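structure-v9.cif (mmCIF, C-alpha atoms)
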```
data_my_file
#
loop_
_atom_site.label_atom_id
_atom_site.label_comp_id
_atom_site.auth_asym_id
_atom_site.auth_seq_id
_atom_site.Cartn_x
_atom_site.Cartn_y
_atom_site.Cartn_z
CA MET B 1367 12.27 21.30 -17.09
CA THR B 1368 15.37 21.66 -19.26
CA GLN B 1369 18.40 19.41 -19.01
CA PRO B 1370 20.15 20.39 -15.75
CA THR B 1371 23.88 20.69 -15.22
CA ASP B 1372 25.56 17.88 -13.31
CA PHE B 1373 25.52 20.06 -10.22
CA GLU B 1374 21.81 20.82 -10.57
CA LEU B 1375 21.08 17.15 -11.09
CA LEU B 1376 22.92 16.19 -7.91
CA GLU B 1377 20.96 18.87 -6.03
CA LEU B 1378 17.80 17.01 -6.98
CA ALA B 1379 18.97 13.72 -5.46
CA THR B 1380 17.73 14.54 -1.95
CA PRO B 1381 14.21 15.68 -2.90
CA TYR B 1382 14.05 12.77 -5.36
CA ALA B 1383 14.83 10.28 -2.58
CA LEU B 1384 12.20 11.92 -0.35
CA HIS B 1385 9.56 11.62 -3.10
CA ALA B 1386 9.45 15.41 -3.08
CA VAL B 1387 9.79 16.01 -6.81
CA PRO B 1388 6.69 16.39 -8.98
CA ASP B 1389 5.65 13.11 -10.59
CA SER B 1390 6.14 14.72 -13.99
CA GLU B 1391 9.76 15.52 -13.17
CA ARG B 1392 10.58 12.10 -11.78
CA ALA B 1393 10.80 10.37 -15.14
CA ASP B 1394 12.96 13.22 -16.49
CA ILE B 1395 15.35 12.82 -13.56
CA ASP B 1396 15.59 9.06 -14.17
CA ARG B 1397 16.47 9.78 -17.78
CA TRP B 1398 19.06 12.44 -16.92
CA VAL B 1399 20.72 10.17 -14.38
CA ALA B 1400 20.87 7.37 -16.95
CA ARG B 1401 22.60 9.72 -19.40
CA ALA B 1402 24.90 11.41 -16.87
CA PRO B 1403 28.62 10.60 -16.60
CA ALA B 1404 29.19 7.49 -14.47
CA SER B 1405 30.68 9.48 -11.58
CA VAL B 1406 27.66 11.82 -11.46
CA ALA B 1407 25.20 8.93 -11.66
CA ALA B 1408 27.09 7.13 -8.88
CA ALA B 1409 27.05 10.25 -6.68
CA PHE B 1410 23.31 10.64 -7.32
CA GLU B 1411 22.63 7.02 -6.38
CA ASP B 1412 24.81 7.31 -3.26
CA GLU B 1413 22.85 10.33 -2.07
CA VAL B 1414 19.52 8.61 -2.76
CA ARG B 1415 20.62 5.56 -0.85
CA ALA B 1416 21.95 7.58 2.11
CA VAL B 1417 18.71 9.57 2.35
CA ARG B 1418 16.61 6.39 2.29
CA GLU B 1419 18.74 4.68 4.92
CA THR B 1420 18.50 7.80 7.09
CA MET B 1421 14.72 8.07 6.78
CA ALA B 1422 14.38 4.34 7.52
CA VAL B 1423 16.00 5.03 10.90
CA ILE B 1424 13.91 8.18 11.40
CA CYS B 1425 10.74 6.11 11.06
CA ALA B 1426 11.26 4.97 14.66
CA ALA B 1427 10.01 8.44 15.61
CA THR B 1428 6.62 7.98 13.97
CA ALA B 1429 6.02 4.31 14.81
CA ALA B 1430 2.43 3.52 15.77
CA GLU B 1431 0.65 0.20 16.28
CA PRO B 1432 -1.85 -0.57 13.53
CA PRO B 1433 -5.34 -1.84 14.47
CA ALA B 1434 -5.22 -5.54 15.33
CA GLN B 1435 -7.72 -6.55 12.63
CA LEU B 1436 -5.37 -5.33 9.92
CA ARG B 1437 -3.08 -8.30 10.52
CA GLY B 1438 -5.60 -10.87 9.33
CA ALA B 1439 -6.49 -8.83 6.26
CA ILE B 1440 -2.84 -8.42 5.32
CA LEU B 1441 -1.80 -12.02 5.96
CA ALA B 1442 -4.68 -13.12 3.76
CA LEU B 1443 -2.93 -11.29 0.92
CA ALA B 1444 -0.27 -13.97 1.03
CA THR B 1445 -2.65 -16.66 -0.21
CA PRO B 1446 -3.32 -15.94 -3.90
CA ARG B 1447 0.17 -16.88 -5.07
CA SER B 1448 0.04 -20.17 -3.19
CA ALA B 1449 -2.93 -21.34 -5.25
CA LYS B 1450 -5.43 -21.14 -2.41
CA VAL B 1451 -7.74 -18.86 -4.37
CA ARG B 1452 -11.21 -20.25 -4.14
CA GLN B 1453 -13.09 -20.20 -7.38
CA LEU B 1454 -16.61 -19.60 -6.27
CA THR B 1455 -19.73 -19.74 -8.37
CA TRP B 1456 -19.65 -16.17 -9.55
CA ARG B 1457 -22.19 -14.96 -11.99
CA THR B 1458 -19.76 -14.63 -14.86
CA ALA B 1459 -18.14 -17.97 -14.22
CA ALA B 1460 -21.53 -19.64 -13.98
CA LEU B 1461 -22.75 -18.02 -17.17
CA ALA B 1462 -19.58 -18.90 -19.06
CA SER B 1463 -19.68 -22.47 -17.85
CA ALA B 1464 -23.37 -22.80 -18.51
CA ALA B 1465 -22.86 -21.47 -22.03
CA ALA B 1466 -20.02 -23.93 -22.59
CA ALA B 1467 -22.15 -26.74 -21.22
CA VAL B 1468 -24.90 -25.99 -23.71
CA VAL B 1469 -22.41 -26.30 -26.54
CA VAL B 1470 -20.46 -29.29 -25.26
CA GLY B 1471 -23.37 -31.23 -23.85
CA ALA B 1472 -25.32 -31.75 -20.70
CA VAL B 1473 -22.59 -33.78 -18.99
CA ALA B 1474 -20.47 -30.72 -18.33
CA PHE B 1475 -23.29 -28.73 -16.81
CA GLY B 1476 -22.99 -28.14 -13.08
CA VAL B 1477 -19.63 -29.83 -12.80
CA GLY B 1478 -18.13 -26.98 -14.77
CA VAL B 1479 -19.52 -24.50 -12.32
CA LEU B 1480 -18.28 -26.24 -9.22
CA THR B 1481 -14.83 -27.36 -10.28
CA ARG B 1482 -13.83 -24.69 -12.72
CA PRO B 1483 -10.07 -25.19 -13.22
CA THR B 1484 -7.69 -22.40 -12.25
CA PRO B 1485 -6.69 -20.45 -15.37
CA LYS B 1486 -3.03 -20.49 -16.49
CA THR B 1487 -2.49 -16.88 -15.38
CA PRO B 1488 -4.87 -16.53 -12.46
CA VAL B 1489 -7.01 -13.42 -12.64
CA ALA B 1490 -5.99 -12.75 -9.02
CA GLU B 1491 -2.36 -12.50 -10.08
CA GLN B 1492 -3.26 -10.16 -12.91
CA ILE B 1493 -5.16 -7.86 -10.55
CA LEU B 1494 -2.48 -7.85 -7.88
CA HIS B 1495 0.13 -6.97 -10.49
CA ALA B 1496 -1.97 -4.32 -12.21
CA PRO B 1497 -0.42 -0.84 -11.93
CA ASP B 1498 -3.80 0.64 -11.01
CA VAL B 1499 -4.62 -1.84 -8.20
CA ARG B 1500 -6.51 -0.16 -5.33
CA THR B 1501 -7.59 -1.53 -1.97
CA VAL B 1502 -10.74 -0.79 0.02
CA SER B 1503 -11.77 -2.37 3.34
CA ARG B 1504 -15.00 -2.20 5.29
CA PRO B 1505 -16.34 -4.10 8.30
CA LEU B 1506 -18.75 -6.89 7.40
CA ALA B 1507 -20.70 -8.55 10.23
CA ASN B 1508 -17.96 -9.08 12.85
CA GLY B 1509 -15.24 -9.43 10.23
CA MET B 1510 -13.64 -7.43 7.48
CA ALA B 1511 -14.21 -7.42 3.74
CA THR B 1512 -11.36 -6.16 1.59
CA VAL B 1513 -11.53 -5.74 -2.13
CA MET B 1514 -8.48 -5.19 -4.31
CA PHE B 1515 -9.58 -4.08 -7.73
CA SER B 1516 -8.16 -3.01 -11.02
CA ARG B 1517 -10.16 -1.00 -13.52
CA ASP B 1518 -7.62 -1.92 -16.20
CA ARG B 1519 -8.28 -5.61 -15.55
CA ASN B 1520 -11.98 -5.00 -14.98
CA ALA B 1521 -11.78 -7.42 -12.05
CA ALA B 1522 -11.35 -7.63 -8.29
CA VAL B 1523 -10.07 -9.97 -5.59
CA LEU B 1524 -12.30 -10.11 -2.55
CA VAL B 1525 -10.81 -11.17 0.78
CA MET B 1526 -13.10 -11.81 3.75
CA ASN B 1527 -11.61 -12.19 7.19
CA ASN B 1528 -13.43 -13.50 10.24
CA VAL B 1529 -16.79 -12.93 8.59
CA PRO B 1530 -19.27 -15.28 10.29
CA PRO B 1531 -21.18 -17.67 7.97
CA PRO B 1532 -24.71 -16.56 7.00
CA SER B 1533 -27.60 -18.08 8.97
CA PRO B 1534 -28.86 -21.48 7.75
CA GLY B 1535 -31.05 -21.12 4.69
CA THR B 1536 -29.49 -17.82 3.65
CA VAL B 1537 -26.46 -16.69 1.63
CA TYR B 1538 -24.32 -13.59 1.39
CA GLN B 1539 -24.97 -11.99 -1.96
CA MET B 1540 -22.60 -9.55 -3.62
CA TRP B 1541 -23.94 -6.70 -5.74
CA LEU B 1542 -22.10 -4.49 -8.16
CA ILE B 1543 -23.90 -1.17 -8.14
CA ASP B 1544 -23.78 1.22 -11.07
CA ALA B 1545 -25.97 4.10 -12.21
CA LYS B 1546 -28.66 1.60 -13.25
CA GLY B 1547 -28.77 -0.12 -9.86
CA PRO B 1548 -27.49 -3.40 -8.40
CA THR B 1549 -26.43 -6.44 -10.42
CA SER B 1550 -25.77 -9.70 -8.63
CA ALA B 1551 -22.08 -10.59 -8.52
CA GLY B 1552 -22.52 -13.99 -6.92
CA THR B 1553 -23.37 -15.57 -3.61
CA MET B 1554 -21.51 -17.28 -0.78
CA ASN B 1555 -23.15 -19.91 1.37
CA SER B 1556 -21.99 -20.97 4.82
CA ALA B 1557 -19.66 -23.61 3.31
CA ALA B 1558 -17.90 -20.95 1.25
CA VAL B 1559 -17.31 -18.57 4.18
CA ALA B 1560 -14.18 -19.82 5.93
CA PRO B 1561 -12.30 -17.76 8.54
CA SER B 1562 -10.44 -16.32 5.58
CA THR B 1563 -12.04 -16.50 2.15
CA THR B 1564 -10.63 -15.24 -1.12
CA ALA B 1565 -12.80 -14.91 -4.20
CA MET B 1566 -12.72 -13.37 -7.63
CA LEU B 1567 -15.05 -10.79 -9.09
CA THR B 1568 -14.95 -10.23 -12.82
CA ASP B 1569 -16.70 -7.73 -15.06
CA LEU B 1570 -16.78 -4.69 -12.78
CA GLY B 1571 -18.12 -2.65 -15.70
CA SER B 1572 -18.99 0.87 -14.62
CA SER B 1573 -19.95 -0.15 -11.09
CA THR B 1574 -19.07 2.30 -8.35
CA GLU B 1575 -19.79 0.10 -5.32
CA LEU B 1576 -19.63 -3.47 -4.18
CA ALA B 1577 -22.43 -4.16 -1.68
CA PHE B 1578 -23.34 -7.16 0.49
CA THR B 1579 -26.76 -8.35 1.58
CA VAL B 1580 -28.16 -11.48 3.20
CA GLU B 1581 -30.58 -13.23 0.85
CA PRO B 1582 -32.86 -16.24 1.38
CA GLY B 1583 -32.26 -19.59 -0.32
CA SER B 1584 -29.65 -19.45 -3.02
CA GLY B 1585 -29.90 -15.72 -3.66
CA SER B 1586 -32.22 -13.13 -5.17
CA ALA B 1587 -32.55 -11.31 -8.48
CA GLN B 1588 -32.58 -7.98 -6.63
CA PRO B 1589 -31.57 -7.17 -3.03
CA THR B 1590 -34.38 -7.91 -0.59
CA SER B 1591 -32.64 -6.95 2.65
CA PRO B 1592 -30.70 -3.92 3.90
CA ILE B 1593 -27.12 -3.53 2.70
CA LEU B 1594 -24.68 -4.91 5.28
CA ALA B 1595 -21.57 -3.31 3.86
CA GLU B 1596 -20.68 -1.17 0.90
CA LEU B 1597 -17.19 -0.89 -0.58
CA PRO B 1598 -16.59 2.04 -2.91
CA LEU B 1599 -14.77 0.96 -6.07
CA ARG B 1600 -13.05 4.26 -6.65
CA MET H 222 23.77 -5.53 16.80
CA THR H 223 20.72 -3.74 18.03
CA GLY H 224 17.85 -1.68 16.69
CA PRO H 225 17.40 -1.08 12.99
CA SER H 226 20.59 -2.79 11.75
CA ARG H 227 19.70 -6.06 13.50
CA LEU H 228 16.17 -5.76 12.19
CA SER H 229 17.42 -5.21 8.66
CA THR H 230 19.64 -8.30 8.79
CA ASP H 231 16.66 -10.39 9.87
CA LEU H 232 14.56 -8.82 7.16
CA ASP H 233 17.13 -9.69 4.49
CA VAL H 234 16.69 -13.37 5.27
CA LEU H 235 12.93 -13.12 5.67
CA LEU H 236 12.44 -11.30 2.38
CA ARG H 237 14.25 -14.09 0.54
CA GLN H 238 11.82 -16.55 2.13
CA VAL H 239 8.86 -14.35 1.21
CA ALA H 240 10.16 -14.23 -2.37
CA GLY H 241 9.96 -18.03 -2.34
CA GLY H 242 6.29 -17.88 -1.36
CA ASP H 243 6.70 -18.46 2.39
CA SER H 244 3.60 -16.98 4.00
CA ASP H 245 4.90 -17.63 7.53
CA ALA H 246 7.94 -15.48 6.77
CA PHE H 247 5.55 -12.84 5.41
CA ALA H 248 3.72 -12.86 8.76
CA VAL H 249 7.00 -12.32 10.60
CA VAL H 250 7.95 -9.47 8.27
CA TYR H 251 4.59 -7.89 9.02
CA ASP H 252 4.96 -8.27 12.78
CA LEU H 253 8.50 -6.86 12.77
CA THR H 254 7.71 -3.82 10.65
CA LYS H 255 4.00 -3.03 11.03
CA ALA H 256 4.45 -0.26 13.59
CA ARG H 257 7.05 1.51 11.46
CA VAL H 258 5.06 1.14 8.25
CA TYR H 259 1.64 1.97 9.67
CA GLY H 260 3.09 4.81 11.75
CA LEU H 261 4.72 6.46 8.76
CA VAL H 262 1.69 5.96 6.53
CA THR H 263 -0.70 7.35 9.10
CA ARG H 264 1.66 10.26 9.79
CA VAL H 265 1.45 11.19 6.11
CA LEU H 266 -2.23 10.42 5.49
CA ARG H 267 -3.71 11.45 8.86
CA ASP H 268 -6.74 9.25 8.24
CA THR H 269 -7.24 5.80 9.72
CA GLY H 270 -9.20 4.35 6.80
CA TYR H 271 -6.77 5.54 4.13
CA SER H 272 -3.85 4.43 6.29
CA GLU H 273 -5.18 0.90 6.68
CA GLU H 274 -5.81 0.61 2.95
CA THR H 275 -2.41 1.99 2.05
CA THR H 276 -0.69 -0.27 4.59
CA GLN H 277 -2.38 -3.23 2.89
CA GLU H 278 -1.11 -2.03 -0.47
CA VAL H 279 2.41 -1.73 0.93
CA TYR H 280 2.43 -5.32 2.21
CA LEU H 281 0.79 -6.56 -0.95
CA GLU H 282 3.71 -4.99 -2.81
CA VAL H 283 6.12 -6.67 -0.38
CA TRP H 284 4.49 -10.02 -1.11
CA LYS H 285 4.60 -9.42 -4.86
CA THR H 286 8.06 -7.93 -5.19
CA ALA H 287 10.18 -9.34 -2.34
CA GLY H 288 12.23 -11.12 -5.02
CA GLN H 289 13.27 -7.78 -6.44
CA TYR H 290 14.86 -6.59 -3.21
CA ASN H 291 18.61 -6.38 -3.74
CA PRO H 292 20.69 -6.21 -0.52
CA ALA H 293 23.59 -4.73 -2.50
CA LYS H 294 21.50 -1.61 -3.12
CA GLY H 295 20.52 -0.86 0.46
CA SER H 296 19.04 -2.27 3.63
CA ALA H 297 15.78 -4.21 3.70
CA LEU H 298 14.25 -1.69 6.08
CA ALA H 299 15.10 1.18 3.74
CA TRP H 300 13.61 -0.76 0.83
CA LEU H 301 10.39 -1.31 2.77
CA MET H 302 10.09 2.20 4.20
CA THR H 303 10.77 3.76 0.80
CA MET H 304 7.92 1.69 -0.59
CA ALA H 305 5.63 2.67 2.30
CA HIS H 306 6.47 6.35 1.93
CA ARG H 307 5.96 6.27 -1.83
CA ARG H 308 2.52 4.65 -1.47
CA ALA H 309 1.48 7.14 1.19
CA ILE H 310 2.64 10.12 -0.88
CA ASP H 311 0.87 8.79 -3.98
CA ARG H 312 -2.32 8.46 -1.97
CA VAL H 313 -2.01 11.96 -0.53
CA ARG H 314 -1.49 13.41 -3.97
CA SER H 315 -4.41 11.55 -5.49
CA GLU H 316 -6.81 12.21 -2.59
CA GLN H 317 -5.92 15.77 -1.80
CA ALA H 318 -5.93 17.80 -4.96
CA GLY H 319 -5.92 21.58 -4.99
CA SER H 320 -7.26 23.67 -2.17
CA ARG H 321 -8.37 20.82 0.08
CA ARG H 322 -4.79 19.67 0.30
CA GLU H 323 -3.61 23.17 1.11
CA SER H 324 -5.94 23.54 4.04
CA ARG H 325 -5.37 20.02 5.28
CA TYR H 326 -1.62 20.34 5.41
CA GLY H 327 -1.41 24.01 6.26
CA ALA H 328 -1.92 23.20 9.89
CA ALA H 329 0.43 20.22 9.96
CA ASN H 330 2.50 19.92 13.07
CA VAL H 331 6.14 20.82 12.66
CA ASP H 332 7.47 18.41 15.24
CA PRO H 333 7.24 14.88 13.86
CA ALA H 334 7.76 13.29 17.26
CA SER H 335 5.07 15.10 19.18
CA ASP H 336 1.92 13.28 18.13
CA VAL H 337 2.99 9.68 17.88
CA VAL H 338 1.41 6.83 19.74
CA ALA H 339 3.74 5.12 22.18
CA ASP H 340 4.88 1.81 20.80
CA SER H 341 6.51 -0.93 22.78
CA ALA H 342 7.91 -2.56 19.65
CA ILE H 343 10.36 0.29 19.13
CA ALA H 344 12.86 0.56 21.95
CA GLY H 345 12.59 3.80 23.88
CA ASP H 346 16.27 4.65 23.48
CA GLU H 347 16.11 4.25 19.72
CA ARG H 348 13.15 6.57 19.53
CA ARG H 349 14.88 9.02 21.85
CA ARG H 350 18.01 9.05 19.73
CA VAL H 351 15.99 9.81 16.61
CA THR H 352 13.97 12.50 18.37
CA ASP H 353 17.18 14.09 19.65
CA CYS H 354 18.60 14.18 16.14
CA LEU H 355 15.42 15.77 14.78
CA SER H 356 15.64 18.36 17.55
CA GLY H 357 19.20 19.12 16.43
CA LEU H 358 17.96 20.53 13.13
CA THR H 359 17.24 24.21 12.73
CA ASP H 360 13.55 25.17 12.73
CA ALA H 361 13.79 26.04 9.04
CA GLN H 362 15.29 22.65 8.19
CA ARG H 363 12.73 20.77 10.26
CA GLN H 364 9.91 22.67 8.60
CA CYS H 365 11.19 21.60 5.16
CA ILE H 366 11.33 17.94 6.21
CA GLU H 367 7.89 18.25 7.71
CA LEU H 368 6.31 19.71 4.58
CA ALA H 369 8.17 17.58 2.05
CA TYR H 370 8.50 14.19 3.72
CA TYR H 371 5.39 14.07 5.88
CA GLY H 372 3.23 16.61 4.09
CA GLY H 373 3.77 15.22 0.61
CA LEU H 374 4.64 18.60 -0.91
CA THR H 375 7.18 18.77 -3.72
CA TYR H 376 10.25 20.94 -3.19
CA THR H 377 8.67 23.48 -5.58
CA GLU H 378 5.52 23.59 -3.44
CA VAL H 379 7.63 23.91 -0.28
CA SER H 380 9.37 26.94 -1.76
CA GLN H 381 6.03 28.53 -2.63
CA ARG H 382 4.62 27.76 0.79
CA LEU H 383 7.58 29.27 2.58
CA ALA H 384 8.08 32.07 0.03
CA ALA H 385 11.72 31.08 -0.29
CA ASN H 386 13.59 30.52 -3.51
CA LEU H 387 14.11 27.04 -4.88
CA SER H 388 17.82 26.79 -4.31
CA THR H 389 17.40 27.83 -0.68
CA ILE H 390 14.83 25.08 -0.18
CA LYS H 391 16.97 22.48 -1.90
CA SER H 392 19.94 23.41 0.31
CA ARG H 393 17.81 23.29 3.45
CA ILE H 394 16.49 19.86 2.59
CA ARG H 395 19.96 18.59 1.75
CA ASP H 396 21.50 20.09 4.90
CA ALA H 397 18.70 18.66 7.04
CA LEU H 398 19.35 15.17 5.67
CA ARG H 399 23.09 15.56 6.08
CA GLY H 400 22.58 16.65 9.69
CA LEU H 401 20.33 13.70 10.44
CA ARG H 402 22.65 11.28 8.72
CA ASN H 403 25.66 12.46 10.74
CA CYS H 404 23.71 12.58 13.98
CA LEU H 405 22.34 9.05 13.49
CA ASP H 406 25.66 7.79 12.15
CA VAL H 407 24.04 6.20 9.12
CA ALA H 408 26.63 4.70 6.78
#
```
This structure in structure tokens:
Amino acid sequence: MTQPTDFELLELATPYALHAVPDSERADIDRWVARAPASVAAAFEDEVRAVRETMAVICAATAAEPPAQLRGAILALATPRSAKVRQLTWRTAALASAAAAVVVGAVAFGVGVLTRPTPKTPVAEQILHAPDVRTVSRPLANGMATVMFSRDRNAAVLVMNNVPPPSPGTVYQMWLIDAKGPTSAGTMNSAAVAPSTTAMLTDLGSSTELAFTVEPGSGSAQPTSPILAELPLR
Amino acid sequence: MTGPSRLSTDLDVLLRQVAGGDSDAFAVVYDLTKARVYGLVTRVLRDTGYSEETTQEVYLEVWKTAGQYNPAKGSALAWLMTMAHRRAIDRVRSEQAGSRRESRYGAANVDPASDVVADSAIAGDERRRVTDCLSGLTDAQRQCIELAYYGGLTYTEVSQRLAANLSTIKSRIRDALRGLRNCLDVA
């Protein structure tokens, strides 16, 4: 689109405020408004604001109660910033720590896995701030598993709400599934499954699904039981 | 104060608390606004699964960016609903490319108030007032709002759909908003 006249620009303010301009045109409009005379820019902003205030009132007409289980999933989002992110023994973390332990010495082994310190910029924060963050939820047992993932960051935050702990002697095992099949992404035992659990998943690679199974002992090399839940990572 | 203006004043305060990391305030924000947010998102997406996911993204954005809300630039409710609408529209556009989107939205209802679930959280008289104002639009104006705001079509697509020229569509959209604004007495 070519540079519009002031009048044409002001005509675009209403569709712009309604998100009814093509995405490609949106950036152009921002630029034109920034370059427009102050009075035109002010009139554009006034119209945008008035439209948004109007539609905020109109939203009473479409109000609908969300499903009750959504509340828990959403309130769990409020935990990562308050440093309640649990660092579980994920495959990558375990491998990294184990590798470090080999170099540093046997003393670090094990301890490194269990009490891995929170990084300076938590991966959770990076994912939640990533422009390409997407959210997928699926029921898991009687609860809900939600994964927020970023392909740019190659990582995900997993939030489990009201998921009952696995039976004694078993664990929940996470699998990242790609064209070559499942790769273990870590396990959670009954101690790790609280009413609301947050965990990190790194190295998504080219996986297209995150799946959950129940596995005996401390987990399996390959899934040995039916998939309980599958979350598409698309 | 009653209705949305009272709500917005409360939200102003709550959003400042959320910006400071107060998860209890975040829960109150959710409870006060969930029906509006979920209702709008589901009206646009028309799919429960997508709507739940998008609603989560909206509140995640609230949690992340509450500190950026500037009361001098508009009400808290408008800030939130703009965010909710933007997320829903982005999802519609990414999910429904090409012909699937055409067929899905071709049959969209023209009356935004006719298929909503009753909600006790929104006072009946507030809803009635809004519905009355929507009824005050011409059919042509209401159709434009329906296709653009709820259907996720751009004004260019609306003009193609209705076989009307672009300037006609832009005027209809603008006149519809002006009518609603006057009817609702929005400052």
How would you write, as a PyMOL selection string, the residues chosen by the PyMOL selection byres ((chain H) within 7 of (chain B)) on this structure?
chain H and resi 225+242+244+248+255-257+259-261+264+274+277-278+280-281+284+295+298-299+302-303+307+333-334+337-340+343+348+351-352+369-370+373-376+391+395+398+402+407
Could you tell me how far CA of Val265 in chain H lies from CA of Thr377 in chain H, in Å and to one decimal?
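Straight-line distance from CA of Val265 in chain H to CA of Thr377 in chain H works out to 18.4 Å.
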For a test of reading the model, state the distance in Å between CA of Met1566 in chain B and CA of Asp245 in chain H, rounded to one decimal.
23.6 Å
Distance of CA of Cys365 in chain H from CA of Ser392 in chain H, expressed in Å to one decimal place
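According to the coordinates, CA of Ser392 in chain H and CA of Cys365 in chain H are separated by 10.2 Å.
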Taking the file as shown, find all residues satisfying the PyMOL selection byres ((chain B and resi 1534) around 9) and write them as a list of chain:residue names.
B:Pro1531, B:Pro1532, B:Ser1533, B:Gly1535, B:Thr1536, B:Val1537, B:Asn1555, B:Ser1556, B:Gly1583
